[in-house]
file input_22.txt (compact mmCIF, C-alpha atoms and all ligand atoms)
# COMPACT_ATOMS: atom_id res chain seq x y z
CA MET K 1 251.94 16.47 78.93
CA ASN K 2 249.32 13.91 77.88
CA ARG K 3 248.07 14.40 74.35
CA MET K 4 244.32 14.04 73.82
CA THR K 5 242.88 12.25 70.81
CA ALA K 6 240.42 14.08 68.55
CA GLU K 7 237.62 11.96 70.02
CA GLU K 8 238.65 12.82 73.59
CA CYS K 9 238.70 16.52 72.70
CA ARG K 10 235.25 16.36 71.14
CA LYS K 11 233.88 14.62 74.24
CA ALA K 12 235.68 17.03 76.61
CA ILE K 13 234.25 20.10 74.82
CA GLU K 14 230.80 18.48 74.85
CA ASP K 15 231.15 18.05 78.61
CA LEU K 16 231.75 21.81 78.93
CA ALA K 17 228.30 22.56 77.45
CA PRO K 18 226.57 23.27 80.78
CA GLN K 19 229.39 25.67 81.78
CA ILE K 20 229.33 27.37 78.38
CA SER K 21 225.58 27.84 78.70
CA ARG K 22 225.94 29.42 82.16
CA TYR K 23 228.73 31.61 80.75
CA ALA K 24 226.34 32.88 78.04
CA ASP K 25 223.79 33.67 80.76
CA LEU K 26 226.46 35.47 82.77
CA ILE K 27 227.33 37.69 79.79
CA VAL K 28 223.69 38.54 79.15
CA ARG K 29 222.45 38.92 82.72
CA LYS K 30 225.54 40.32 84.52
CA GLY K 31 227.73 41.57 81.65
CA VAL K 32 225.13 43.92 80.17
CA ALA K 33 222.15 43.13 82.46
CA VAL K 34 219.66 43.00 79.56
CA GLN K 35 216.44 44.89 80.34
CA PRO K 36 212.93 43.89 79.17
CA GLY K 37 212.35 44.99 75.58
CA GLN K 38 215.90 46.29 75.15
CA GLU K 39 217.84 46.29 71.88
CA VAL K 40 220.98 44.16 72.10
CA VAL K 41 223.90 44.29 69.64
CA VAL K 42 226.33 41.36 69.58
CA GLN K 43 229.68 41.38 67.77
CA VAL K 44 230.99 37.85 67.47
CA PRO K 45 233.48 35.83 65.38
CA VAL K 46 231.66 33.83 62.69
CA GLU K 47 233.81 30.83 63.58
CA ARG K 48 231.88 30.63 66.88
CA ALA K 49 228.40 30.79 65.34
CA ASP K 50 227.41 28.04 67.80
CA PHE K 51 228.14 30.35 70.73
CA ALA K 52 226.48 33.29 68.96
CA ARG K 53 223.23 31.32 68.62
CA LEU K 54 223.37 30.36 72.27
CA LEU K 55 224.00 33.96 73.30
CA VAL K 56 221.11 35.28 71.19
CA GLU K 57 218.82 32.62 72.66
CA ARG K 58 219.87 33.56 76.22
CA ALA K 59 219.43 37.29 75.44
CA TYR K 60 215.83 36.71 74.32
CA ALA K 61 215.26 34.50 77.37
CA ALA K 62 216.44 37.44 79.50
CA GLY K 63 213.82 39.68 77.85
CA ALA K 64 215.68 41.35 74.96
CA GLY K 65 213.29 43.08 72.53
CA HIS K 66 215.54 42.49 69.54
CA VAL K 67 219.08 41.18 69.04
CA THR K 68 221.30 42.34 66.14
CA VAL K 69 224.36 40.24 65.31
CA MET K 70 227.47 41.74 63.65
CA TRP K 71 229.71 38.93 62.41
CA ARG K 72 233.49 39.27 62.43
CA ASP K 73 236.05 37.21 60.58
CA ASP K 74 239.83 37.67 60.79
CA ALA K 75 240.46 36.19 57.34
CA MET K 76 237.93 38.52 55.73
CA THR K 77 239.35 41.50 57.60
CA ARG K 78 242.80 40.58 56.32
CA LEU K 79 241.54 40.36 52.72
CA GLU K 80 240.00 43.79 53.10
CA TYR K 81 243.26 45.35 54.33
CA GLU K 82 245.27 43.55 51.63
CA ASN K 83 243.08 44.76 48.78
CA VAL K 84 241.60 48.13 49.73
CA GLU K 85 243.38 51.52 49.70
CA LEU K 86 244.22 53.35 52.93
CA SER K 87 241.90 56.25 52.01
CA TYR K 88 238.85 53.93 52.26
CA PHE K 89 239.57 53.31 55.95
CA GLN K 90 239.75 57.00 56.79
CA HIS K 91 235.94 57.01 57.00
CA ALA K 92 233.62 54.50 58.63
CA PRO K 93 231.10 52.94 56.19
CA GLU K 94 227.76 54.79 56.33
CA TRP K 95 225.79 51.66 57.20
CA LYS K 96 228.03 51.10 60.21
CA VAL K 97 227.69 54.70 61.40
CA THR K 98 223.90 54.49 61.06
CA LEU K 99 223.61 51.09 62.70
CA LEU K 100 225.82 51.80 65.72
CA ASN K 101 224.61 55.36 66.36
CA SER K 102 220.92 54.48 66.01
CA MET K 103 221.28 51.48 68.31
CA ALA K 104 223.10 53.57 70.90
CA GLU K 105 220.34 56.18 70.68
CA LYS K 106 217.73 53.49 71.36
CA GLY K 107 219.60 52.54 74.52
CA ALA K 108 220.98 49.26 73.21
CA ALA K 109 223.30 47.03 75.21
CA PHE K 110 226.50 46.13 73.33
CA ILE K 111 228.16 42.73 73.69
CA PHE K 112 231.64 42.30 72.22
CA ILE K 113 232.73 38.70 71.90
CA ASP K 114 236.53 38.54 71.41
CA GLY K 115 238.10 35.66 69.56
CA ASP K 116 240.92 36.91 67.43
CA ASP K 117 243.96 35.47 65.76
CA PRO K 118 246.63 37.64 67.46
CA SER K 119 248.71 37.61 64.26
CA ALA K 120 245.85 37.93 61.75
CA LEU K 121 247.23 41.12 60.25
CA LYS K 122 250.93 40.30 60.33
CA GLY K 123 252.68 42.23 57.56
CA ILE K 124 249.68 44.52 56.92
CA ASP K 125 250.40 48.26 56.95
CA PRO K 126 249.35 49.21 60.53
CA ALA K 127 248.15 52.57 59.17
CA LYS K 128 245.01 50.87 57.77
CA PRO K 129 243.61 49.30 60.96
CA ALA K 130 244.71 52.42 62.88
CA ALA K 131 242.73 54.63 60.45
CA ALA K 132 239.68 52.35 60.59
CA SER K 133 239.54 52.34 64.37
CA LYS K 134 240.06 56.12 64.56
CA ALA K 135 237.29 56.69 61.99
CA THR K 136 234.82 54.45 63.84
CA ASN K 137 235.53 56.22 67.12
CA ALA K 138 235.19 59.68 65.57
CA GLU K 139 232.18 59.09 63.29
CA CYS K 140 230.15 56.69 65.42
CA ARG K 141 230.08 59.38 68.07
CA THR K 142 226.71 58.66 69.68
CA TYR K 143 227.77 55.04 70.03
CA ARG K 144 231.26 55.86 71.37
CA GLU K 145 229.98 58.47 73.82
CA GLY K 146 227.05 56.26 74.82
CA MET K 147 229.55 53.82 76.28
CA ASP K 148 232.11 56.38 77.48
CA PHE K 149 229.53 58.48 79.35
CA GLY K 150 227.53 55.64 80.88
CA ARG K 151 224.43 55.84 78.67
CA ASN K 152 224.79 52.33 77.21
CA ALA K 153 225.73 49.15 79.05
CA TRP K 154 228.42 47.11 77.32
CA THR K 155 230.60 44.11 77.96
CA ALA K 156 233.57 42.33 76.40
CA ALA K 157 234.10 38.59 76.85
CA GLY K 158 236.02 35.89 74.98
CA VAL K 159 235.45 32.69 73.00
CA PRO K 160 238.10 30.43 71.47
CA VAL K 161 238.81 30.41 67.75
CA ALA K 162 241.32 28.00 66.21
CA ALA K 163 244.10 30.42 65.22
CA TRP K 164 244.02 32.07 68.64
CA ALA K 165 244.02 28.71 70.47
CA ARG K 166 247.00 27.51 68.38
CA GLN K 167 249.02 30.58 69.33
CA VAL K 168 248.24 30.17 73.05
CA PHE K 169 248.85 26.38 73.06
CA PRO K 170 251.36 25.75 70.24
CA ASP K 171 252.42 22.29 71.47
CA VAL K 172 249.11 20.45 71.22
CA SER K 173 246.66 19.61 68.42
CA GLU K 174 244.21 22.27 67.28
CA ASP K 175 241.28 20.39 68.85
CA GLU K 176 243.06 20.15 72.15
CA ALA K 177 244.13 23.81 71.97
CA ILE K 178 240.51 24.88 71.50
CA TYR K 179 239.43 22.72 74.44
CA ARG K 180 242.16 24.14 76.66
CA LEU K 181 241.34 27.70 75.67
CA TRP K 182 237.63 27.13 76.42
CA LYS K 183 238.60 25.80 79.86
CA ALA K 184 240.91 28.77 80.52
CA ILE K 185 238.23 31.24 79.39
CA LEU K 186 235.58 29.66 81.62
CA GLU K 187 237.90 29.45 84.63
CA THR K 188 239.22 33.00 84.39
CA ALA K 189 235.63 34.23 83.87
CA ARG K 190 234.70 32.47 87.14
CA SER K 191 232.22 30.42 85.13
CA ALA K 192 233.47 26.89 85.78
CA GLY K 193 231.24 26.41 88.83
CA ASP K 194 227.50 25.87 89.31
CA ASP K 195 226.53 29.50 89.83
CA PRO K 196 228.72 32.02 87.98
CA GLN K 197 226.27 34.86 88.65
CA GLN K 198 226.62 34.35 92.41
CA ALA K 199 230.41 34.01 92.01
CA TRP K 200 230.42 37.41 90.30
CA GLU K 201 228.40 38.99 93.12
CA GLU K 202 231.07 37.80 95.56
CA HIS K 203 233.92 38.81 93.26
CA ASN K 204 232.41 42.27 92.88
CA ALA K 205 232.24 42.78 96.65
CA ALA K 206 235.99 42.09 96.92
CA PHE K 207 236.81 45.24 94.94
CA SER K 208 235.45 47.49 97.71
CA LYS K 209 238.43 47.20 100.07
CA LYS K 210 240.94 48.11 97.36
CA LYS K 211 238.90 51.01 96.03
CA ARG K 212 238.30 52.37 99.54
CA PHE K 213 242.02 52.15 100.43
CA LEU K 214 243.00 54.14 97.34
CA ASN K 215 240.10 56.60 97.36
CA ASP K 216 240.54 57.38 101.08
CA TYR K 217 244.20 58.32 100.61
CA ALA K 218 243.41 60.46 97.52
CA PHE K 219 247.08 60.30 96.54
CA ASP K 220 248.72 63.19 94.71
CA ARG K 221 250.93 60.82 92.71
CA LEU K 222 252.11 57.23 92.27
CA HIS K 223 255.72 56.08 91.92
CA TYR K 224 256.36 52.81 90.01
CA THR K 225 259.69 50.98 90.24
CA SER K 226 260.91 47.57 89.07
CA LYS K 227 264.25 45.84 88.52
CA ASN K 228 263.50 45.81 84.78
CA GLY K 229 264.27 49.55 84.80
CA THR K 230 260.78 50.97 85.27
CA ASP K 231 260.93 54.23 87.22
CA LEU K 232 257.81 56.27 86.55
CA THR K 233 255.88 58.91 88.46
CA LEU K 234 252.22 59.51 87.58
CA GLY K 235 250.35 62.54 88.91
CA LEU K 236 246.70 61.99 89.90
CA ASN K 237 243.90 64.53 89.49
CA PRO K 238 242.19 66.34 92.36
CA GLY K 239 238.85 64.52 92.72
CA HIS K 240 240.09 61.37 90.97
CA VAL K 241 238.12 58.17 91.64
CA TRP K 242 239.40 54.59 91.63
CA GLU K 243 236.93 52.23 90.00
CA GLY K 244 236.76 48.45 89.65
CA GLY K 245 234.27 45.63 89.33
CA SER K 246 230.82 46.60 88.13
CA GLY K 247 229.99 49.84 86.34
CA ARG K 248 226.69 51.70 86.45
CA THR K 249 224.89 53.50 83.65
CA VAL K 250 223.40 56.94 84.28
CA GLY K 251 220.04 55.13 84.19
CA GLY K 252 221.17 52.93 87.09
CA THR K 253 221.87 49.61 85.30
CA VAL K 254 224.70 47.73 87.01
CA PHE K 255 226.87 45.99 84.42
CA PHE K 256 230.36 44.50 83.97
CA PRO K 257 232.33 46.04 81.08
CA ASN K 258 234.88 43.21 81.10
CA ILE K 259 234.51 39.48 81.74
CA PRO K 260 236.97 38.68 83.28
CA THR K 261 237.92 41.74 85.31
CA GLU K 262 240.47 41.95 88.11
CA GLU K 263 241.57 45.58 87.85
CA VAL K 264 241.20 48.63 90.05
CA PHE K 265 241.83 51.66 87.88
CA THR K 266 241.73 55.42 87.57
CA THR K 267 242.70 58.08 85.04
CA PRO K 268 245.98 59.86 85.86
CA ASN K 269 246.59 63.53 85.09
CA ARG K 270 247.30 63.86 81.38
CA MET K 271 250.19 66.31 81.94
CA ARG K 272 251.94 64.53 84.82
CA ALA K 273 253.81 61.38 83.79
CA ASP K 274 257.60 61.44 84.10
CA GLY K 275 260.18 58.68 83.78
CA ILE K 276 260.45 55.38 81.96
CA VAL K 277 258.29 52.27 81.90
CA TYR K 278 259.09 48.81 80.49
CA SER K 279 256.53 46.33 79.16
CA ALA K 280 256.00 43.15 81.19
CA LEU K 281 254.02 41.18 78.57
CA PRO K 282 253.73 41.32 74.77
CA LEU K 283 250.95 43.52 73.43
CA ALA K 284 248.66 42.02 70.77
CA HIS K 285 247.17 45.01 68.98
CA ALA K 286 245.16 45.12 65.75
CA GLY K 287 246.35 41.71 64.56
CA GLN K 288 250.04 42.30 65.28
CA ILE K 289 252.33 41.75 68.25
CA VAL K 290 254.56 44.32 69.98
CA ARG K 291 257.27 42.82 72.21
CA ASP K 292 259.83 44.07 74.75
CA PHE K 293 259.10 47.76 74.52
CA TRP K 294 259.62 50.82 76.66
CA LEU K 295 258.20 54.34 76.74
CA ARG K 296 259.80 57.45 78.21
CA PHE K 297 257.50 60.22 79.45
CA GLU K 298 258.07 63.91 80.13
CA ASN K 299 255.28 66.18 81.40
CA GLY K 300 252.71 63.50 80.57
CA ALA K 301 253.78 62.83 76.98
CA VAL K 302 255.80 60.01 75.42
CA VAL K 303 259.05 61.60 74.22
CA ASP K 304 260.93 58.42 73.23
CA TYR K 305 260.19 54.70 72.84
CA ASP K 306 261.51 51.50 71.33
CA ALA K 307 260.40 47.89 70.83
CA ALA K 308 262.25 44.66 69.97
CA GLN K 309 259.30 43.77 67.72
CA GLY K 310 256.39 45.81 66.35
CA LYS K 311 257.82 49.32 66.80
CA ASP K 312 255.81 50.54 63.78
CA VAL K 313 252.57 49.31 65.42
CA LEU K 314 253.49 51.30 68.52
CA ARG K 315 254.25 54.33 66.36
CA HIS K 316 250.79 54.19 64.75
CA ILE K 317 249.15 54.03 68.18
CA LEU K 318 251.16 57.06 69.35
CA GLU K 319 250.39 58.99 66.16
CA THR K 320 246.61 58.42 66.29
CA ASP K 321 246.19 62.07 67.32
CA GLU K 322 247.98 64.66 69.42
CA ASN K 323 246.79 63.17 72.74
CA ALA K 324 247.57 59.52 71.96
CA VAL K 325 251.03 60.08 73.52
CA ARG K 326 249.36 60.76 76.89
CA LEU K 327 247.91 58.31 79.43
CA GLY K 328 244.20 57.70 80.04
CA GLU K 329 244.44 54.89 82.57
CA CYS K 330 246.53 53.32 85.28
CA ALA K 331 245.31 50.00 86.68
CA LEU K 332 246.46 47.86 89.59
CA ILE K 333 246.17 44.07 89.46
CA SER K 334 247.83 41.70 91.89
CA LYS K 335 249.95 38.84 90.59
CA ASN K 336 247.65 36.59 92.68
CA THR K 337 244.67 36.45 90.33
CA PRO K 338 243.14 33.42 88.58
CA ILE K 339 244.39 34.73 85.24
CA ARG K 340 248.02 35.12 86.27
CA GLU K 341 247.84 31.81 88.13
CA THR K 342 246.93 29.94 84.92
CA GLY K 343 250.41 30.94 83.74
CA ILE K 344 248.92 31.39 80.27
CA LEU K 345 249.91 34.25 78.00
CA PHE K 346 246.65 34.88 76.12
CA TYR K 347 247.87 37.34 73.46
CA ASP K 348 244.56 39.11 74.05
CA THR K 349 244.38 42.32 76.05
CA LEU K 350 241.06 41.43 77.71
CA TYR K 351 242.87 38.60 79.50
CA ASP K 352 246.46 39.78 79.68
CA GLU K 353 245.56 43.23 81.06
CA ASN K 354 243.72 41.49 83.88
CA ALA K 355 246.82 39.48 84.76
CA SER K 356 249.11 42.46 85.16
CA CYS K 357 249.28 46.08 86.28
CA HIS K 358 248.81 48.16 83.17
CA LEU K 359 248.64 51.64 81.73
CA ALA K 360 246.70 52.83 78.71
CA LEU K 361 247.60 55.42 76.13
CA GLY K 362 244.76 57.62 74.92
CA ILE K 363 241.36 58.51 76.29
CA GLY K 364 240.58 58.45 80.02
CA PHE K 365 237.36 57.62 81.87
CA PRO K 366 234.73 60.20 82.93
CA GLU K 367 233.73 57.94 85.84
CA CYS K 368 237.27 58.31 87.23
CA ILE K 369 236.75 61.95 88.19
CA GLU K 370 234.02 63.27 90.52
CA GLY K 371 231.10 64.51 88.43
CA GLY K 372 232.73 63.29 85.21
CA PHE K 373 229.53 61.95 83.61
CA ASP K 374 228.14 65.52 83.70
CA MET K 375 231.20 67.06 82.03
CA ASP K 376 231.80 67.49 78.31
CA ARG K 377 235.12 66.65 76.66
CA GLU K 378 236.53 70.16 77.19
CA ALA K 379 235.71 70.07 80.91
CA LEU K 380 237.26 66.62 81.24
CA LEU K 381 240.44 67.85 79.56
CA ALA K 382 240.52 70.81 81.94
CA HIS K 383 240.27 68.35 84.86
CA GLY K 384 243.25 66.40 83.52
CA VAL K 385 241.28 63.52 81.93
CA ASN K 386 242.87 62.80 78.54
CA GLN K 387 240.78 62.81 75.32
CA SER K 388 241.81 60.87 72.23
CA ALA K 389 240.37 58.62 69.52
CA THR K 390 242.34 55.68 70.93
CA HIS K 391 242.70 53.72 74.16
CA VAL K 392 245.37 51.03 74.17
CA ASP K 393 246.22 49.13 77.34
CA PHE K 394 249.73 47.74 77.83
CA MET K 395 251.02 45.55 80.61
CA ILE K 396 253.77 46.69 83.00
CA GLY K 397 253.17 44.44 86.04
CA SER K 398 256.46 42.64 86.58
CA ASP K 399 256.68 40.24 89.57
CA ASP K 400 258.81 42.71 91.53
CA LEU K 401 256.85 45.86 90.71
CA ASN K 402 256.54 48.31 93.59
CA VAL K 403 253.99 51.11 93.58
CA THR K 404 254.14 53.80 96.24
CA GLY K 405 251.42 56.37 96.76
CA ILE K 406 252.52 59.88 97.73
CA THR K 407 250.07 62.27 99.35
CA ALA K 408 249.97 66.03 98.78
CA GLU K 409 251.74 66.40 102.16
CA GLY K 410 254.56 64.12 100.99
CA GLU K 411 253.65 61.03 103.01
CA GLU K 412 254.77 57.85 101.21
CA VAL K 413 252.46 54.82 101.45
CA PRO K 414 253.32 51.44 99.89
CA ILE K 415 250.46 50.19 97.67
CA PHE K 416 252.13 47.36 95.76
CA VAL K 417 255.17 45.44 96.99
CA ASN K 418 256.64 42.72 94.76
CA GLY K 419 253.76 42.76 92.29
CA GLN K 420 250.98 42.39 94.86
CA TRP K 421 248.91 44.54 97.20
CA VAL K 422 250.93 45.51 100.26
CA TRP K 423 248.64 43.47 102.56
CA GLU K 424 249.18 40.33 100.46
CA ASN K 425 252.85 40.34 101.54
CA GLU K 426 251.95 40.01 105.22
ZN ZN O 501 242.31 48.62 82.35

call {"tool": "encode", "arguments": {"input": "input_22.txt", "output": "structure tokens", "more": "lines below"}}
Ligand code: ZN
result
Amino acid sequence: MNRMTAEECRKAIEDLAPQISRYADLIVRKGVAVQPGQEVVVQVPVERADFARLLVERAYAAGAGHVTVMWRDDAMTRLEYENVELSYFQHAPEWKVTLLNSMAEKGAAFIFIDGDDPSALKGIDPAKPAAASKATNAECRTYREGMDFGRNAWTAAGVPVAAWARQVFPDVSEDEAIYRLWKAILETARSAGDDPQQAWEEHNAAFSKKKRFLNDYAFDRLHYTSKNGTDLTLGLNPGHVWEGGSGRTVGGTVFFPNIPTEEVFTTPNRMRADGIVYSALPLAHAGQIVRDFWLRFENGAVVDYDAAQGKDVLRHILETDENAVRLGECALISKNTPIRETGILFYDTLYDENASCHLALGIGFPECIEGGFDMDREALLAHGVNQSATHVDFMIGSDDLNVTGITAEGEEVPIFVNGQWVWENE
């Protein structure tokens, strides 16, 4: 591998400026589809203040009425967890509750810019970040439900920060790692060309075939098998819906919750998961890494699990509340996607979950059941859609994963063969 000098890296990043600018436009105009006069809230790492300024400028250019920026900083977060008692994190700060709930009420669009050191909280008691995230989800209810029930458009996208880039590209200089991560982010976000917005229109259309195939069969259950030992059956709900690509708010705004996105997903029945599933990629969660883990399910609930690294992180996820041991999502992603083809392990779920079939523990999606946006949490539970204060995706898409759909009549239909859609094997 050729090493780049610091000067070459600086020049190469400078040359990416037009792409980065189009990427900012993509986030604003496709990601959340900013409406004239709308409030926009941006969460962004302070280390990428340059990108934050660009994003705010593009949001105003797209017609935003006002943009609020919430800065994030891994080092500061770590200091907070090192020095503050667990009990503090059991409630969200009042200012945060007021800010997020009031913005959601005003119909704000929320932009989450990821750029995290995957090991930022190594050695920190996982109970603290787990409590903080649970408290935010429970107390910032208008905000949480605004996104869950399609009232607020939102999107998550990535930017490189140094510690993250170093973990992804450990063999090159920090400057070069940041350059490479920028390139990988732009490419996987289909933003390396002249017209990313058009590229996303085309990408979005490609989800239709997969969704139609799955929705037309209306399978009763899915059976996952892999040589790594995975042998899991997931029951699906009557009236379940497979989603993928753009989302739509109840007000009719078409938006993209994730940039990139490659997944077609639904919410399985919360009481019908049986068997064992092995992880295919490490899980970077709340500043710590969980590796080589498995979960065993009975009647929808995790009854046993283990991990070669990070078992206590997994335990805190599962102990979030009584329903955190149940599944809220199953997603299908072919091994033939731009993300997987980069061969890069991102240590960031936004990217890694879009490179691999995955499941998620915790809350399910109202849009994945017919009429779900009109149901309350009790009705969703009754329809088999899990409810929890957490939602943690983990990757299970090994290269030889097979997924078979089984209809109520017992007909078996191959969906995935060797880690890709059945028709990709032809
Ligand atoms: Zn997913």

call {"tool": "residues_near_point", "arguments": {"input": "input_22.txt", "point": "(226.1, 51.4, 87.1)", "cutoff": "12 Å", "atoms": "all atoms listed in the file", "output": "ChimeraX atom specification"}}
result
/K:30-33,147,149-154,243-257,367,373

call {"tool": "residues_near_ligand", "arguments": {"input": "input_22.txt", "ligand": "ligand ZN 501 (chain O)", "cutoff": "7 Å", "atoms": "only C-alpha atoms and all ligand atoms", "output": "PDB file with C-alpha atoms, keeping the file's coordinate frame"}}
result
ATOM      1  CA  GLU K 263     241.570  45.580  87.850  1.00  0.00           C
ATOM      2  CA  PHE K 265     241.830  51.660  87.880  1.00  0.00           C
ATOM      3  CA  GLU K 329     244.440  54.890  82.570  1.00  0.00           C
ATOM      4  CA  CYS K 330     246.530  53.320  85.280  1.00  0.00           C
ATOM      5  CA  ALA K 331     245.310  50.000  86.680  1.00  0.00           C
ATOM      6  CA  GLU K 353     245.560  43.230  81.060  1.00  0.00           C
ATOM      7  CA  HIS K 358     248.810  48.160  83.170  1.00  0.00           C
ATOM      8  CA  ASP K 393     246.220  49.130  77.340  1.00  0.00           C
TER       9      ASP K 393
END

call {"tool": "residues_near_point", "arguments": {"input": "input_22.txt", "point": "(234.6, 65.1, 79.5)", "cutoff": "10 Å", "atoms": "only C-alpha atoms", "output": "count of residues only"}}
result
26

call {"tool": "residues_around", "arguments": {"input": "input_22.txt", "residues": "Ala17 of chain K", "least_positions_apart": "3", "cutoff": "12 Å", "atoms": "all atoms listed in the file", "output": "ChimeraX atom specification"}}
result
/K:10-14,20-24,50-51,54,179,182-183,186,191-192

call {"tool": "closest_residue", "arguments": {"input": "input_22.txt", "among": "K:Pro129, K:Arg326, K:Phe297, K:Pro36", "to": "Ser87 of chain K", "atoms": "all atoms listed in the file"}}
result
K:Pro129

call {"tool": "closest_residue", "arguments": {"input": "input_22.txt", "among": "K:Ala64, K:Val159, K:Ala308, K:Leu401", "to": "Ile289 of chain K", "atoms": "only C-alpha atoms"}}
result
K:Ala308

call {"tool": "atom_distance", "arguments": {"input": "input_22.txt", "atom1": "atom CA of Ala205 of chain K", "atom2": "atom CA of Glu39 of chain K"}}
result
28.9 Å

call {"tool": "closest_residue", "arguments": {"input": "input_22.txt", "among": "K:Val41, K:Ala199, K:Leu121, K:Met103", "to": "Met76 of chain K", "atoms": "all atoms listed in the file"}}
result
K:Leu121

call {"tool": "closest_residue", "arguments": {"input": "input_22.txt", "among": "K:Ala127, K:Ala108, K:Ala177, K:Val44", "to": "Glu85 of chain K", "atoms": "all atoms listed in the file"}}
result
K:Ala127

call {"tool": "closest_residue", "arguments": {"input": "input_22.txt", "among": "K:Val241, K:Leu314, K:Val392, K:Ala132", "to": "Val84 of chain K", "atoms": "all atoms listed in the file"}}
result
K:Ala132

call {"tool": "atom_distance", "arguments": {"input": "input_22.txt", "atom1": "atom CA of Gly146 of chain K", "atom2": "atom CA of Val97 of chain K"}}
result
13.5 Å

call {"tool": "residues_around", "arguments": {"input": "input_22.txt", "residues": "Asp116 of chain K", "least_positions_apart": "5", "cutoff": "12 Å", "atoms": "only C-alpha atoms", "output": "short mmCIF file (atom, residue, chain, number, x, y, z; two decimals) with C-alpha atoms, in the frame of the given file"}}
result
data_model
loop_
_atom_site.label_atom_id
_atom_site.label_comp_id
_atom_site.auth_asym_id
_atom_site.auth_seq_id
_atom_site.Cartn_x
_atom_site.Cartn_y
_atom_site.Cartn_z
CA VAL K 44 230.99 37.85 67.47
CA PRO K 45 233.48 35.83 65.38
CA VAL K 46 231.66 33.83 62.69
CA GLU K 47 233.81 30.83 63.58
CA ARG K 48 231.88 30.63 66.88
CA ARG K 72 233.49 39.27 62.43
CA ASP K 73 236.05 37.21 60.58
CA ASP K 74 239.83 37.67 60.79
CA ALA K 75 240.46 36.19 57.34
CA THR K 77 239.35 41.50 57.60
CA ARG K 78 242.80 40.58 56.32
CA LEU K 121 247.23 41.12 60.25
CA ALA K 157 234.10 38.59 76.85
CA GLY K 158 236.02 35.89 74.98
CA VAL K 159 235.45 32.69 73.00
CA PRO K 160 238.10 30.43 71.47
CA VAL K 161 238.81 30.41 67.75
CA ALA K 162 241.32 28.00 66.21
CA ALA K 163 244.10 30.42 65.22
CA TRP K 164 244.02 32.07 68.64
CA ALA K 165 244.02 28.71 70.47
CA ARG K 166 247.00 27.51 68.38
CA GLN K 167 249.02 30.58 69.33
CA VAL K 168 248.24 30.17 73.05
CA ALA K 284 248.66 42.02 70.77
CA HIS K 285 247.17 45.01 68.98
CA ALA K 286 245.16 45.12 65.75
CA GLY K 287 246.35 41.71 64.56
CA GLN K 288 250.04 42.30 65.28
CA PHE K 346 246.65 34.88 76.12
CA TYR K 347 247.87 37.34 73.46
CA ASP K 348 244.56 39.11 74.05
CA THR K 349 244.38 42.32 76.05
CA LEU K 350 241.06 41.43 77.71
#
